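run.txt (compact mmCIF, C-alpha atoms) appears below.
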# COMPACT_ATOMS: atom_id res chain seq x y z
CA GLU P 1 11.04 16.94 -6.39
CA ALA P 2 10.85 13.12 -6.48
CA GLN P 3 7.23 12.12 -6.76
CA VAL P 4 4.50 9.94 -8.19
CA THR P 5 1.65 11.83 -9.80
CA GLN P 6 -1.82 10.62 -10.68
CA ASN P 7 -4.58 12.19 -12.74
CA PRO P 8 -7.36 12.80 -12.26
CA ARG P 9 -7.55 13.00 -8.46
CA TYR P 10 -11.33 12.69 -8.49
CA LEU P 11 -13.62 11.26 -11.13
CA ILE P 12 -17.34 10.55 -11.30
CA THR P 13 -18.42 8.58 -14.34
CA VAL P 14 -21.16 6.28 -15.57
CA THR P 15 -21.23 2.56 -16.17
CA GLY P 16 -19.59 1.50 -19.43
CA LYS P 17 -17.78 4.74 -20.25
CA LYS P 18 -14.11 3.94 -20.83
CA LEU P 19 -11.64 5.84 -18.68
CA THR P 20 -7.92 6.06 -18.07
CA VAL P 21 -6.15 7.05 -14.88
CA THR P 22 -2.62 8.21 -15.55
CA CYS P 23 0.39 7.57 -13.32
CA SER P 24 3.83 9.06 -13.76
CA GLN P 25 7.02 8.89 -11.69
CA ASN P 26 10.19 10.96 -12.05
CA MET P 27 12.53 8.73 -10.07
CA ASN P 28 13.57 6.35 -12.88
CA HIS P 29 12.01 3.46 -10.97
CA GLU P 30 11.73 0.09 -12.67
CA TYR P 31 8.80 -1.25 -10.66
CA MET P 32 5.33 0.26 -10.78
CA SER P 33 2.07 -0.98 -9.39
CA TRP P 34 -1.63 -0.16 -9.05
CA TYR P 35 -3.70 -0.75 -5.91
CA ARG P 36 -7.28 -0.21 -4.96
CA GLN P 37 -8.27 0.61 -1.40
CA ASP P 38 -11.68 -0.31 -0.03
CA PRO P 39 -12.94 -0.07 3.58
CA GLY P 40 -12.05 -3.17 5.57
CA LEU P 41 -10.08 -4.70 2.72
CA GLY P 42 -6.86 -2.72 2.88
CA LEU P 43 -4.79 -2.26 -0.26
CA ARG P 44 -5.21 -4.85 -2.98
CA GLN P 45 -2.87 -5.02 -5.92
CA ILE P 46 -4.46 -4.78 -9.37
CA TYR P 47 -1.48 -4.99 -11.74
CA TYR P 48 2.24 -4.49 -11.49
CA SER P 49 5.11 -3.92 -13.91
CA MET P 50 8.69 -5.02 -13.40
CA ASN P 51 9.96 -2.86 -16.25
CA VAL P 52 9.04 -1.45 -19.65
CA GLU P 53 6.78 -3.81 -21.60
CA VAL P 54 6.61 -6.24 -18.64
CA THR P 55 3.31 -6.34 -16.76
CA ASP P 56 1.57 -8.96 -14.64
CA LYS P 57 -1.67 -9.46 -12.78
CA GLY P 58 -2.02 -8.77 -9.11
CA ASP P 59 -4.78 -10.00 -6.82
CA VAL P 60 -7.75 -8.23 -8.42
CA PRO P 61 -7.04 -7.64 -12.15
CA GLU P 62 -10.54 -8.31 -13.52
CA GLY P 63 -11.98 -5.31 -15.35
CA TYR P 64 -8.67 -3.48 -15.61
CA LYS P 65 -5.90 -3.11 -18.17
CA VAL P 66 -2.47 -1.53 -17.95
CA SER P 67 0.39 -0.69 -20.26
CA ARG P 68 4.04 0.19 -19.74
CA LYS P 69 5.34 1.66 -22.96
CA GLU P 70 7.85 3.89 -21.21
CA LYS P 71 9.54 3.71 -17.86
CA ARG P 72 7.94 6.73 -16.22
CA ASN P 73 4.27 6.07 -17.10
CA PHE P 74 1.90 3.31 -16.05
CA PRO P 75 -1.72 4.13 -16.95
CA LEU P 76 -4.67 2.17 -15.57
CA ILE P 77 -7.47 1.58 -18.07
CA LEU P 78 -11.06 0.67 -17.28
CA GLU P 79 -12.59 -0.36 -20.61
CA SER P 80 -16.14 -0.67 -19.28
CA PRO P 81 -16.35 0.58 -15.69
CA SER P 82 -18.95 -0.89 -13.35
CA PRO P 83 -20.18 0.34 -9.94
CA ASN P 84 -18.10 -2.30 -8.11
CA GLN P 85 -15.01 -0.49 -9.37
CA THR P 86 -15.91 2.53 -7.28
CA SER P 87 -12.86 2.83 -5.07
CA LEU P 88 -9.75 4.78 -4.11
CA TYR P 89 -6.88 3.95 -6.45
CA PHE P 90 -3.18 4.35 -5.74
CA CYS P 91 -0.24 4.08 -8.08
CA ALA P 92 3.13 3.21 -6.56
CA SER P 93 6.70 2.87 -7.76
CA SER P 94 9.98 1.54 -6.40
CA VAL P 95 13.56 1.17 -7.60
CA THR P 96 13.15 -2.57 -8.07
CA ALA P 97 10.56 -5.12 -7.03
CA GLY P 98 12.80 -6.79 -4.47
CA GLU P 99 13.27 -5.05 -1.17
CA SER P 100 12.64 -1.47 -2.18
CA THR P 101 10.47 1.15 -0.57
CA GLN P 102 7.28 1.84 -2.49
CA TYR P 103 6.41 5.47 -3.15
CA PHE P 104 2.72 6.10 -3.51
CA GLY P 105 0.89 8.67 -5.58
CA PRO P 106 -1.77 10.92 -3.99
CA GLY P 107 -4.65 8.65 -5.02
CA THR P 108 -7.60 8.85 -7.40
CA ARG P 109 -11.10 8.61 -5.99
CA LEU P 110 -13.33 7.02 -8.62
CA THR P 111 -17.11 6.80 -8.47
CA VAL P 112 -18.94 4.75 -11.10
CA LEU P 113 -22.69 5.41 -11.21
CA GLY O 1 -2.51 -17.50 -2.14
CA GLN O 2 -0.71 -15.50 0.46
CA GLN O 3 -2.84 -13.84 3.10
CA VAL O 4 -1.76 -11.17 5.53
CA MET O 5 -4.07 -10.54 8.45
CA GLN O 6 -3.78 -7.52 10.68
CA ILE O 7 -5.38 -6.88 14.06
CA PRO O 8 -7.04 -4.97 15.46
CA GLN O 9 -8.97 -3.27 12.68
CA TYR O 10 -9.59 -0.20 14.86
CA GLN O 11 -7.96 1.11 18.01
CA HIS O 12 -8.94 4.14 20.07
CA VAL O 13 -6.47 5.22 22.74
CA GLN O 14 -6.06 8.12 25.13
CA GLU O 15 -3.20 10.39 24.26
CA GLY O 16 -0.13 9.13 26.09
CA GLU O 17 -1.19 5.47 26.09
CA ASP O 18 0.67 2.83 24.15
CA PHE O 19 -0.57 1.20 20.94
CA THR O 20 0.27 -2.08 19.21
CA THR O 21 -0.82 -3.57 15.91
CA TYR O 22 -0.12 -7.15 14.87
CA CYS O 23 0.41 -8.68 11.46
CA ASN O 24 0.24 -12.40 10.63
CA SER O 25 1.04 -14.10 7.36
CA SER O 26 -0.17 -17.49 6.17
CA THR O 27 3.26 -18.10 4.61
CA THR O 28 6.88 -17.39 5.51
CA LEU O 29 7.95 -13.97 4.32
CA SER O 30 11.21 -12.79 2.80
CA ASN O 31 10.64 -9.33 4.24
CA ILE O 32 7.93 -7.15 5.68
CA GLN O 33 7.31 -3.44 5.35
CA TRP O 34 5.23 -1.02 7.41
CA TYR O 35 3.39 2.00 6.05
CA LYS O 36 1.39 4.83 7.62
CA GLN O 37 -1.54 6.53 5.94
CA ARG O 38 -2.80 9.77 7.43
CA PRO O 39 -6.52 10.53 7.02
CA GLY O 40 -7.10 11.66 3.44
CA GLY O 41 -3.52 10.87 2.48
CA HIS O 42 -1.53 8.14 0.80
CA PRO O 43 0.54 5.35 2.37
CA VAL O 44 4.03 6.41 3.38
CA PHE O 45 6.84 3.94 3.98
CA LEU O 46 8.01 3.63 7.58
CA ILE O 47 10.43 0.70 7.71
CA GLN O 48 11.45 -2.67 6.31
CA LEU O 49 12.39 -5.78 8.30
CA VAL O 50 14.32 -8.60 6.67
CA LYS O 51 15.98 -10.80 9.30
CA SER O 52 14.35 -13.34 11.56
CA GLY O 53 13.77 -11.84 15.02
CA GLU O 54 14.77 -8.37 13.85
CA VAL O 55 13.83 -5.38 16.01
CA LYS O 56 14.08 -1.80 14.78
CA LYS O 57 13.23 1.45 16.52
CA GLN O 58 12.26 4.86 15.23
CA LYS O 59 11.87 7.23 18.18
CA ARG O 60 8.64 6.05 19.87
CA LEU O 61 7.96 3.32 17.29
CA THR O 62 9.29 -0.24 17.72
CA PHE O 63 9.00 -2.79 14.93
CA GLN O 64 9.52 -6.53 15.34
CA PHE O 65 9.78 -9.40 12.89
CA GLY O 66 8.99 -12.85 14.30
CA GLU O 67 11.52 -15.65 14.52
CA ALA O 68 9.57 -17.70 11.97
CA LYS O 69 9.20 -14.65 9.70
CA LYS O 70 5.44 -15.09 9.62
CA ASN O 71 4.41 -12.32 11.97
CA SER O 72 5.33 -8.77 12.84
CA SER O 73 4.26 -6.02 15.19
CA LEU O 74 4.41 -2.26 15.47
CA HIS O 75 4.36 -0.73 18.95
CA ILE O 76 4.00 3.00 19.63
CA THR O 77 4.95 4.25 23.09
CA ALA O 78 3.11 7.24 24.58
CA THR O 79 0.94 8.06 21.59
CA GLN O 80 0.56 11.62 20.35
CA THR O 81 -2.11 13.20 18.16
CA THR O 82 0.35 13.12 15.25
CA ASP O 83 0.22 9.31 15.36
CA VAL O 84 -3.37 9.30 14.07
CA GLY O 85 -3.80 7.27 10.88
CA THR O 86 -3.99 3.79 9.47
CA TYR O 87 -0.98 1.51 9.79
CA PHE O 88 -0.43 -1.19 7.20
CA CYS O 89 1.99 -4.07 7.11
CA ALA O 90 2.97 -5.50 3.73
CA GLY O 91 4.67 -8.84 3.27
CA ARG O 92 6.63 -10.27 0.40
CA ASN O 93 7.12 -13.99 -0.27
CA PHE O 94 10.38 -15.56 -1.35
CA GLY O 95 10.70 -15.56 -5.13
CA ASN O 96 7.53 -13.50 -5.55
CA GLU O 97 7.73 -9.84 -6.40
CA LYS O 98 4.21 -9.12 -5.26
CA LEU O 99 3.71 -7.20 -2.03
CA THR O 100 0.61 -8.26 -0.08
CA PHE O 101 -0.83 -5.65 2.25
CA GLY O 102 -2.59 -6.33 5.49
CA THR O 103 -6.05 -4.90 6.10
CA GLY O 104 -4.65 -2.10 8.24
CA THR O 105 -5.22 -0.83 11.78
CA ARG O 106 -6.88 2.54 12.11
CA LEU O 107 -5.61 4.44 15.14
CA THR O 108 -7.54 7.32 16.65
CA ILE O 109 -6.29 9.35 19.61
CA ILE O 110 -8.54 10.77 22.30
CA PRO O 111 -6.95 14.03 23.50
Structure encoded using structure tokens:
Amino acid sequence: EAQVTQNPRYLITVTGKKLTVTCSQNMNHEYMSWYRQDPGLGLRQIYYSMNVEVTDKGDVPEGYKVSRKEKRNFPLILESPSPNQTSLYFCASSVTAGESTQYFGPGTRLTVL
Amino acid sequence: GQQVMQIPQYQHVQEGEDFTTYCNSSTTLSNIQWYKQRPGGHPVFLIQLVKSGEVKKQKRLTFQFGEAKKNSSLHITATQTTDVGTYFCAGRNFGNEKLTFGTGTRLTIIP
């Protein structure tokens, strides 16, 4: 089944404790992206990747890192999480960045205490 | 930077009434997409509009892209309880691979 998976789905952590949210797609998509969703603010892009080893900042990249060492995986890293990073995070992928449909993962709800 | 505004933020309608959400961009778009997110779920692609003045229909849903390619609308005729969710537009600028999402319109249906 074609899908985007994220892990974990739920995470409660404390300020400053490094964490990684994994994202994997099995559709051989070139383009992958991370969003955070907050009430009243919609979906804001954190980072995106056009292809392996090619990443770029979105609208709200501060406090986040990403890597794209292989096509299927695009982990989101929070080196030192803070409470303002409490949010719902979505990973998405598409065939290319141009006009393609984006397929979203199920989401990761992160709480930073 | 590009901004995409969406109104209204919330809409409550009686089942069977019509519903419309509007999307406005501060810049001319190369294309616009619409997504639906059910409560507790993830955004799911509905449609993409590319041409100026384009109109597309999916059963009870009608999507329009403005002549200037700066605004778009989604209209649902005779809403049903299955239409509940948040509807997002997402616009892409020319030469920019980034997709900018609107703030979304949350639709609730009163049975």
Tell me which protein, DNA and RNA residues are within 12 Å of Asp83 of chain O, counting all atoms listed in the file, leaving out same-chain ones fewer than 4 positions away, and put them as a PyMOL selection string.
chain O and resi 11-19+36-39+60-61+75-79+87+106-111
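Atom to atom, atom CA of Ile7 of chain O and atom CA of Asn96 of chain O stand 24.4 Å apart.
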Find the residues around segment 64-66 of chain P up to 9 Å (all atoms listed in the file counted), leave out those fewer than 3 positions away in its own chain, and share them as a list in words.
Ile46, Tyr47, Tyr48, Ser49, Thr55, Val60, Pro61, Phe74, Pro75, Leu76, Ile77, Leu78, Glu79, Ser80 and Pro81 of chain P
With only C-alpha atoms counted and 8 Å as the cut-off, give the residues of chain O in contact with chain P, each with its shortest interatomic distance in Å and the pair that gives it, as a tab-separated table.
residue	atom	partner	partner_atom	distance
O:Gln9	CA	P:Gly40	CA	7.7
O:Asn31	CA	P:Glu99	CA	7.4
O:Gly41	CA	P:Pro106	CA	6.7
O:His42	CA	P:Pro106	CA	5.5
O:Pro43	CA	P:Phe104	CA	6.3
O:Val44	CA	P:Tyr103	CA	7.0
O:Phe45	CA	P:Thr101	CA	6.5
O:Gln48	CA	P:Thr101	CA	7.9
O:Phe88	CA	P:Gly42	CA	7.9
O:Glu97	CA	P:Ala97	CA	5.5
O:Lys98	CA	P:Gly58	CA	7.3
O:Leu99	CA	P:Gln45	CA	7.9
O:Thr100	CA	P:Arg44	CA	7.3
O:Phe101	CA	P:Leu43	CA	5.8
O:Gly102	CA	P:Gly42	CA	6.2
O:Thr103	CA	P:Gly42	CA	4.0
O:Gly104	CA	P:Gly42	CA	5.8
Can you tell me, as number ranges by chain, what residues are no more than 7 Å from Asn93 of chain O when counting only C-alpha atoms, ignoring any on the same chain fewer than 3 positions away?
O: 28-30, 96
Can I get the selected residues back with C-alpha atoms, as a PDB file, in the coordinates of the input?
ATOM      1  CA  THR O  28       6.880 -17.390   5.510  1.00  0.00           C
ATOM      2  CA  LEU O  29       7.950 -13.970   4.320  1.00  0.00           C
ATOM      3  CA  SER O  30      11.210 -12.790   2.800  1.00  0.00           C
ATOM      4  CA  ASN O  96       7.530 -13.500  -5.550  1.00  0.00           C
TER       5      ASN O  96
END
Atom CA of Glu30 of chain P to atom CA of Leu110 of chain P, distance in Å rounded to a single decimal:
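According to the coordinates, atom CA of Glu30 of chain P and atom CA of Leu110 of chain P are separated by 26.3 Å.
Going from atom CA of Leu88 of chain P over to atom CA of Thr111 of chain P, you cover 8.8 Å.
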